[in-house]
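Q: The file below is target22.tsv, TSV, C-alpha atoms and all ligand atoms:
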```tsv
chain	number	residue	atom	x	y	z
A	1	MET	CA	-49.95	66.76	-146.31
A	2	ARG	CA	-46.84	67.39	-148.25
A	3	SER	CA	-46.47	70.97	-147.08
A	4	TYR	CA	-46.99	69.86	-143.47
A	5	LEU	CA	-44.05	67.42	-143.78
A	6	HIS	CA	-42.02	70.12	-145.33
A	7	ILE	CA	-42.61	72.49	-142.43
A	8	ASN	CA	-41.80	69.74	-139.97
A	9	HIS	CA	-38.52	69.09	-141.70
A	10	PHE	CA	-37.71	72.72	-141.76
A	11	LEU	CA	-38.36	73.00	-138.03
A	12	THR	CA	-36.02	70.11	-137.21
A	13	ILE	CA	-33.24	71.60	-139.26
A	14	LYS	CA	-33.81	74.95	-137.62
A	15	LEU	CA	-33.67	73.34	-134.18
A	16	ILE	CA	-30.42	71.52	-134.94
A	17	PHE	CA	-28.94	74.71	-136.30
A	18	LEU	CA	-30.00	76.66	-133.20
A	19	SER	CA	-28.54	74.12	-130.82
A	20	LEU	CA	-25.28	74.16	-132.76
A	21	ILE	CA	-25.10	77.91	-132.45
A	22	THR	CA	-25.86	77.95	-128.74
A	23	ASN	CA	-23.32	75.19	-128.11
A	24	CYS	CA	-20.68	77.13	-129.90
A	25	VAL	CA	-21.53	80.27	-128.06
A	26	PHE	CA	-21.10	78.20	-124.90
A	27	CYS	CA	-17.67	76.93	-125.78
A	28	GLU	CA	-16.35	80.30	-126.82
A	29	ASP	CA	-17.90	82.50	-124.22
A	30	LEU	CA	-17.97	80.34	-121.12
A	31	CYS	CA	-14.42	79.21	-121.25
A	32	THR	CA	-11.30	81.39	-121.16
A	33	LYS	CA	-7.90	79.77	-121.20
A	34	PHE	CA	-6.03	80.05	-117.90
A	35	ASP	CA	-3.14	81.95	-119.40
A	36	VAL	CA	-0.74	82.38	-116.50
A	37	SER	CA	3.02	82.07	-116.37
A	38	VAL	CA	5.44	82.05	-113.48
A	39	THR	CA	9.15	82.82	-113.34
A	40	GLN	CA	11.35	81.89	-110.43
A	41	LYS	CA	14.70	83.17	-109.22
A	42	ILE	CA	16.75	82.17	-106.23
A	43	GLU	CA	18.86	84.90	-104.69
A	44	ASN	CA	21.73	84.78	-102.19
A	45	GLU	CA	24.13	81.96	-101.40
A	46	GLY	CA	24.62	79.67	-98.46
A	47	PHE	CA	21.98	78.88	-95.88
A	48	HIS	CA	19.69	81.86	-96.36
A	49	ARG	CA	18.01	82.30	-99.71
A	50	GLU	CA	15.24	84.33	-101.22
A	51	LEU	CA	12.79	82.79	-103.65
A	52	LYS	CA	11.45	85.36	-106.07
A	53	TRP	CA	8.48	84.57	-108.23
A	54	ILE	CA	6.69	86.72	-110.73
A	55	VAL	CA	3.20	85.59	-111.64
A	56	GLU	CA	1.97	87.03	-114.92
A	57	ILE	CA	-1.69	86.78	-115.74
A	58	SER	CA	-3.16	87.65	-119.13
A	59	SER	CA	-5.64	90.50	-119.08
A	60	ASN	CA	-8.68	88.52	-120.24
A	61	ILE	CA	-8.18	86.08	-117.38
A	62	ILE	CA	-7.86	88.93	-114.89
A	63	GLU	CA	-11.19	90.28	-115.99
A	64	LYS	CA	-12.88	86.91	-115.53
A	65	MET	CA	-11.18	86.33	-112.20
A	66	ASN	CA	-12.15	89.68	-110.76
A	67	GLU	CA	-15.72	89.25	-111.98
A	68	ALA	CA	-15.96	85.93	-110.20
A	69	GLU	CA	-14.12	87.25	-107.12
A	70	CYS	CA	-11.30	84.74	-107.38
A	71	LYS	CA	-8.31	84.53	-105.12
A	72	ILE	CA	-5.04	82.76	-105.75
A	73	ASN	CA	-3.08	80.63	-103.32
A	74	MET	CA	0.49	79.94	-104.30
A	75	ARG	CA	1.27	76.84	-102.28
A	76	LEU	CA	4.78	75.57	-101.79
A	77	ASP	CA	5.66	72.20	-100.39
A	78	LEU	CA	8.98	72.71	-98.67
A	79	PRO	CA	11.46	69.91	-99.15
A	80	TYR	CA	13.00	68.40	-96.00
A	81	GLY	CA	16.22	70.30	-96.54
A	82	MET	CA	14.53	73.70	-96.43
A	83	PHE	CA	12.26	75.67	-94.13
A	84	VAL	CA	10.45	78.97	-93.75
A	85	ASN	CA	10.87	80.73	-90.44
A	86	PRO	CA	7.46	81.34	-88.76
A	87	ASP	CA	8.70	84.50	-86.98
A	88	GLU	CA	9.97	85.94	-90.21
A	89	ILE	CA	6.71	85.13	-92.02
A	90	ALA	CA	4.74	86.74	-89.18
A	91	ASP	CA	6.86	89.89	-89.58
A	92	LEU	CA	6.35	89.93	-93.33
A	93	ASN	CA	2.61	89.46	-92.82
A	94	ARG	CA	2.52	92.35	-90.37
A	95	ASN	CA	4.33	94.60	-92.84
A	96	LYS	CA	2.03	93.45	-95.63
A	97	LYS	CA	4.98	92.22	-97.68
A	98	ILE	CA	3.34	88.83	-98.05
A	99	CYS	CA	0.18	87.07	-96.94
A	100	GLY	CA	1.56	83.74	-95.88
A	101	LEU	CA	0.15	80.89	-93.84
A	102	ILE	CA	2.33	77.98	-92.76
A	103	GLU	CA	0.78	74.53	-92.49
A	104	GLY	CA	2.58	72.01	-90.34
A	105	GLU	CA	5.17	72.26	-87.59
A	106	VAL	CA	8.43	74.00	-88.37
A	107	ASN	CA	11.44	73.17	-86.27
A	108	ILE	CA	14.00	75.74	-87.30
A	109	GLU	CA	16.79	74.00	-85.36
A	110	ALA	CA	16.36	70.54	-86.83
A	111	PRO	CA	18.95	69.21	-89.25
A	112	LEU	CA	17.73	67.61	-92.44
A	113	HIS	CA	17.45	64.07	-91.11
A	114	GLU	CA	15.18	65.15	-88.23
A	115	ALA	CA	13.00	67.61	-90.14
A	116	THR	CA	9.24	67.30	-90.54
A	117	GLU	CA	7.19	68.39	-93.50
A	118	HIS	CA	5.55	71.76	-93.87
A	119	LYS	CA	3.89	73.89	-96.51
A	120	ILE	CA	3.31	77.56	-97.01
A	121	ASN	CA	0.20	79.05	-98.54
A	122	ILE	CA	0.80	82.48	-100.02
A	123	PHE	CA	-2.39	84.29	-100.83
A	124	ILE	CA	-1.92	86.62	-103.75
A	125	GLY	CA	-4.27	89.06	-105.41
A	126	VAL	CA	-6.31	89.09	-102.23
A	127	GLU	CA	-8.19	92.26	-103.06
A	128	ASN	CA	-7.75	92.30	-106.78
A	129	VAL	CA	-5.93	90.11	-109.21
A	130	THR	CA	-3.47	92.19	-111.24
A	131	GLU	CA	-1.37	91.47	-114.30
A	132	LYS	CA	1.96	91.03	-112.59
A	133	ILE	CA	2.30	89.87	-109.03
A	134	SER	CA	5.70	89.43	-107.46
A	135	VAL	CA	6.19	87.23	-104.44
A	136	ASP	CA	9.41	87.17	-102.41
A	137	LEU	CA	9.82	84.40	-99.89
A	138	PRO	CA	12.83	84.03	-97.61
A	139	VAL	CA	13.77	80.40	-97.07
A	140	HIS	CA	16.52	78.73	-95.10
A	141	LEU	CA	18.46	75.57	-95.70
A	142	ARG	CA	18.95	72.96	-93.04
A	143	TYR	CA	22.27	71.60	-91.91
A	144	GLN	CA	22.98	68.23	-93.40
A	145	ARG	CA	24.94	65.36	-91.94
A	146	ALA	CA	28.65	65.59	-92.70
A	147	GLN	CA	29.77	63.41	-95.53
A	148	ILE	CA	33.29	62.21	-96.20
A	149	THR	CA	32.94	62.70	-99.91
A	150	GLY	CA	32.02	66.29	-100.43
A	151	GLY	CA	31.49	69.82	-99.37
A	152	PHE	CA	27.92	70.30	-100.59
A	153	GLY	CA	24.53	68.75	-100.04
A	154	LYS	CA	21.68	68.99	-102.56
A	155	VAL	CA	18.12	70.11	-101.98
A	156	GLN	CA	15.56	69.63	-104.73
A	157	LEU	CA	13.16	72.55	-104.83
A	158	ASN	CA	9.52	71.86	-105.67
A	159	LYS	CA	7.49	73.94	-108.07
A	160	PRO	CA	4.75	75.94	-106.37
A	161	TRP	CA	1.13	75.03	-107.02
A	162	LEU	CA	-1.28	77.69	-108.19
A	163	LEU	CA	-4.62	77.19	-106.50
A	164	VAL	CA	-7.65	79.25	-107.45
A	165	ASN	CA	-10.86	79.69	-105.51
A	166	CYS	CA	-13.74	81.84	-106.74
A	167	THR	CA	-16.88	83.03	-105.01
A	168	LYS	CA	-18.92	83.06	-108.19
A	169	LYS	CA	-18.98	80.69	-111.12
A	170	THR	CA	-15.98	81.18	-113.38
A	171	ARG	CA	-15.57	80.83	-117.07
A	172	ILE	CA	-12.05	79.50	-117.02
A	173	CYS	CA	-11.27	76.40	-119.08
A	174	GLY	CA	-10.12	73.07	-117.85
A	175	ASP	CA	-11.31	70.72	-115.17
A	176	ALA	CA	-8.61	71.17	-112.59
A	177	GLN	CA	-8.39	68.86	-109.62
A	178	LYS	CA	-9.94	70.25	-106.45
A	179	ILE	CA	-7.69	70.37	-103.41
A	180	PRO	CA	-8.62	71.26	-99.84
A	181	ALA	CA	-6.49	74.05	-98.37
A	182	PRO	CA	-7.00	76.89	-95.86
A	183	CYS	CA	-9.38	79.59	-97.12
A	184	SER	CA	-7.28	82.62	-96.18
A	185	LEU	CA	-4.87	83.95	-93.61
A	186	VAL	CA	-7.73	85.24	-91.47
A	187	GLU	CA	-9.87	82.14	-91.86
A	188	HIS	CA	-6.93	79.79	-91.41
A	189	ASN	CA	-9.06	77.17	-89.65
A	190	LYS	CA	-11.56	77.00	-92.48
A	191	THR	CA	-10.88	74.71	-95.41
A	192	CYS	CA	-11.85	75.67	-98.93
A	193	LEU	CA	-11.78	73.61	-102.08
A	194	TRP	CA	-9.25	75.13	-104.46
A	195	LYS	CA	-8.73	74.33	-108.12
A	196	ASN	CA	-5.18	73.24	-108.83
A	197	MET	CA	-4.48	75.15	-112.04
A	198	THR	CA	-1.96	74.22	-114.66
A	199	TYR	CA	0.30	77.15	-115.40
A	200	GLN	CA	3.27	77.81	-117.61
A	201	ALA	CA	6.44	77.51	-115.55
A	202	LEU	CA	9.19	79.56	-117.16
A	203	PHE	CA	11.85	77.81	-115.09
A	204	GLU	CA	13.30	74.37	-114.65
A	205	ASN	CA	13.25	72.14	-111.61
A	206	VAL	CA	16.18	73.34	-109.59
A	207	GLU	CA	18.53	71.97	-107.01
A	208	VAL	CA	20.03	74.20	-104.37
A	209	PHE	CA	23.43	73.39	-102.93
A	210	VAL	CA	24.14	73.72	-99.26
A	211	PRO	CA	27.53	73.59	-97.56
A	212	ILE	CA	27.77	70.60	-95.27
A	213	GLY	CA	27.96	71.62	-91.63
A	214	ASP	CA	30.82	69.78	-90.00
A	215	LEU	CA	33.32	70.77	-92.63
A	216	ASP	CA	34.57	73.51	-90.30
A	217	ASP	CA	36.85	70.90	-88.77
A	218	TYR	CA	38.26	69.88	-92.09
A	219	PRO	CA	41.26	72.33	-92.38
A	220	LEU	CA	42.45	71.46	-88.88
A	221	VAL	CA	42.32	67.76	-89.61
A	222	SER	CA	44.27	68.13	-92.83
A	223	ILE	CA	46.96	70.36	-91.30
A	224	VAL	CA	47.49	67.93	-88.41
A	225	SER	CA	47.78	64.94	-90.71
A	226	LEU	CA	50.14	66.83	-93.00
A	227	LEU	CA	52.36	67.77	-90.03
A	228	LEU	CA	52.32	64.20	-88.76
A	229	GLY	CA	53.27	62.93	-92.19
A	230	CYS	CA	56.12	65.44	-92.48
A	231	SER	CA	57.55	64.68	-89.06
A	232	GLY	CA	57.47	60.98	-89.95
A	233	CYS	CA	59.49	61.70	-93.10
A	234	VAL	CA	62.00	63.85	-91.21
A	235	TYR	CA	62.40	61.13	-88.60
A	236	ILE	CA	63.04	58.41	-91.18
A	237	LEU	CA	65.38	60.65	-93.14
A	238	SER	CA	67.36	61.50	-90.00
A	239	ILE	CA	67.74	57.82	-89.14
A	240	LEU	CA	68.84	57.06	-92.69
A	241	SER	CA	71.37	59.88	-92.81
A	242	THR	CA	72.95	59.04	-89.44
A	243	ALA	CA	73.06	55.30	-90.11
A	244	PRO	CA	76.58	54.02	-91.05
A	245	LEU	CA	76.82	53.13	-94.73
B	301	LIG	C1	-1.21	70.38	-108.63
B	301	LIG	O1	-0.61	70.89	-109.79
B	301	LIG	C2	0.80	70.75	-109.87
B	301	LIG	C3	1.27	71.43	-111.14
B	301	LIG	O2	1.08	72.81	-111.04
B	301	LIG	C4	1.17	69.29	-109.83
B	301	LIG	O3	2.56	69.13	-109.85
B	301	LIG	C5	0.60	68.66	-108.56
B	301	LIG	O4	0.87	67.29	-108.55
B	301	LIG	C6	-0.89	68.91	-108.49
B	301	LIG	N1	-1.38	68.40	-107.20
B	301	LIG	C7	-2.34	67.51	-107.08
B	301	LIG	C8	-2.68	67.05	-105.70
B	301	LIG	O5	-2.91	67.10	-108.05
```
When written as structure tokens, how does the structure in this file appear?
A:
Amino acid sequence: MRSYLHINHFLTIKLIFLSLITNCVFCEDLCTKFDVSVTQKIENEGFHRELKWIVEISSNIIEKMNEAECKINMRLDLPYGMFVNPDEIADLNRNKKICGLIEGEVNIEAPLHEATEHKINIFIGVENVTEKISVDLPVHLRYQRAQITGGFGKVQLNKPWLLVNCTKKTRICGDAQKIPAPCSLVEHNKTCLWKNMTYQALFENVEVFVPIGDLDDYPLVSIVSLLLGCSGCVYILSILSTAPL
């Protein structure tokens, strides 16, 4: 009787121990940290800019992502003051410089106060995810209404989202929110559920400055008012000097 109890006890302890081990194996093996960082640079001045991102992915994540056949969609929500040109994106797609899909209507003529919203999905690592992926995206700033106060308007640039979609089950940590977005450039009518991953942004939120359109008239206006002012002075002075003292 006693030995039977003893064995029973032993079995329970063994079971608990086993489950602990398997759980730990689970947490270490099934989950790899999504170790990805992004840098951002904005090149050029004025109305036509180039956004340059470099996405760096740690090698253990690459392995997991390629195993699970993952693709990445870098999705940028364009602020009202900025747009991507559909013709230009089509050209870049044709030349395989980018794999970009615009969502929403883009009116390239519209000034800021008449603009509608649009997004661009940039599919990266389409065939294979690699350690360092650079993405260059030309963007354009919209004309803004003239203001009396200043020569520049501000546009707040959004951070891109990094969406990940895998064919097979992944072992990447975190329960990211799932977001519907187009599956790929080819299957642009099909919606996939993408995981919105948290990444390390090695840049700050930035504002871009844009010259305000109607300022072209400004020099003319100031010269005319200066001349008017001067001729007024001359006139008054001439009256004063000819007047009898
Ligand atoms: C997706 O993730 C980004 C951070 O990378 C965050 O700013 C954004 O709000 C998220 N979107 C949704 C719909 O959760």
Q: Can you check which parts of chain A lie within 6 Å of ligand LIG 301 (chain B)? Per residue, the shortest pair of atoms and distance in Å to one decimal, counting only C-alpha atoms and all ligand atoms, sorted by chain and number, as CSV.
A:
```
residue,atom,partner,partner_atom,distance
A:Trp161,CA,B:LIG301,O2,4.6
A:Gln177,CA,B:LIG301,O5,6.0
A:Asn196,CA,B:LIG301,C1,4.9
A:Thr198,CA,B:LIG301,O2,4.9
```
Q: Hey, which of A:Lys41, A:Lys190, A:Arg145, A:Lys71 ends up closest to Glu127 of chain A? Count all atoms listed in the file.
A: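 Selected residue with least distance to Glu127 of chain A: A:Lys71.
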Q: Between A:Asn205, A:Ser134, A:Ser58, A:Asn44, which residue has the minimum interatomic distance to Ile98 of chain A, considering all atoms listed in the file?
A: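 Among the listed residues, A:Ser134 lies closest to Ile98 of chain A.
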Q: With distances taken over all atoms listed in the file, which residue among A:Ile89, A:Leu141, A:Cys192, A:Leu76 lies nearest Val164 of chain A?
A: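 When distances to Val164 of chain A are compared using all atoms listed in the file, the smallest one comes from A:Cys192.
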Q: Can you list, as a CSV table (one decimal) with C-alpha atoms, in the coordinates of the input, every protein, DNA or RNA residue that comes within 8 Å of Tyr80 of chain A when you count all atoms listed in the file, leaving out same-chain residues fewer than 2 positions away?
A:
```
chain,number,residue,atom,x,y,z
A,78,LEU,CA,9.0,72.7,-98.7
A,82,MET,CA,14.5,73.7,-96.4
A,83,PHE,CA,12.3,75.7,-94.1
A,112,LEU,CA,17.7,67.6,-92.4
A,113,HIS,CA,17.4,64.1,-91.1
A,115,ALA,CA,13.0,67.6,-90.1
A,116,THR,CA,9.2,67.3,-90.5
A,117,GLU,CA,7.2,68.4,-93.5
```
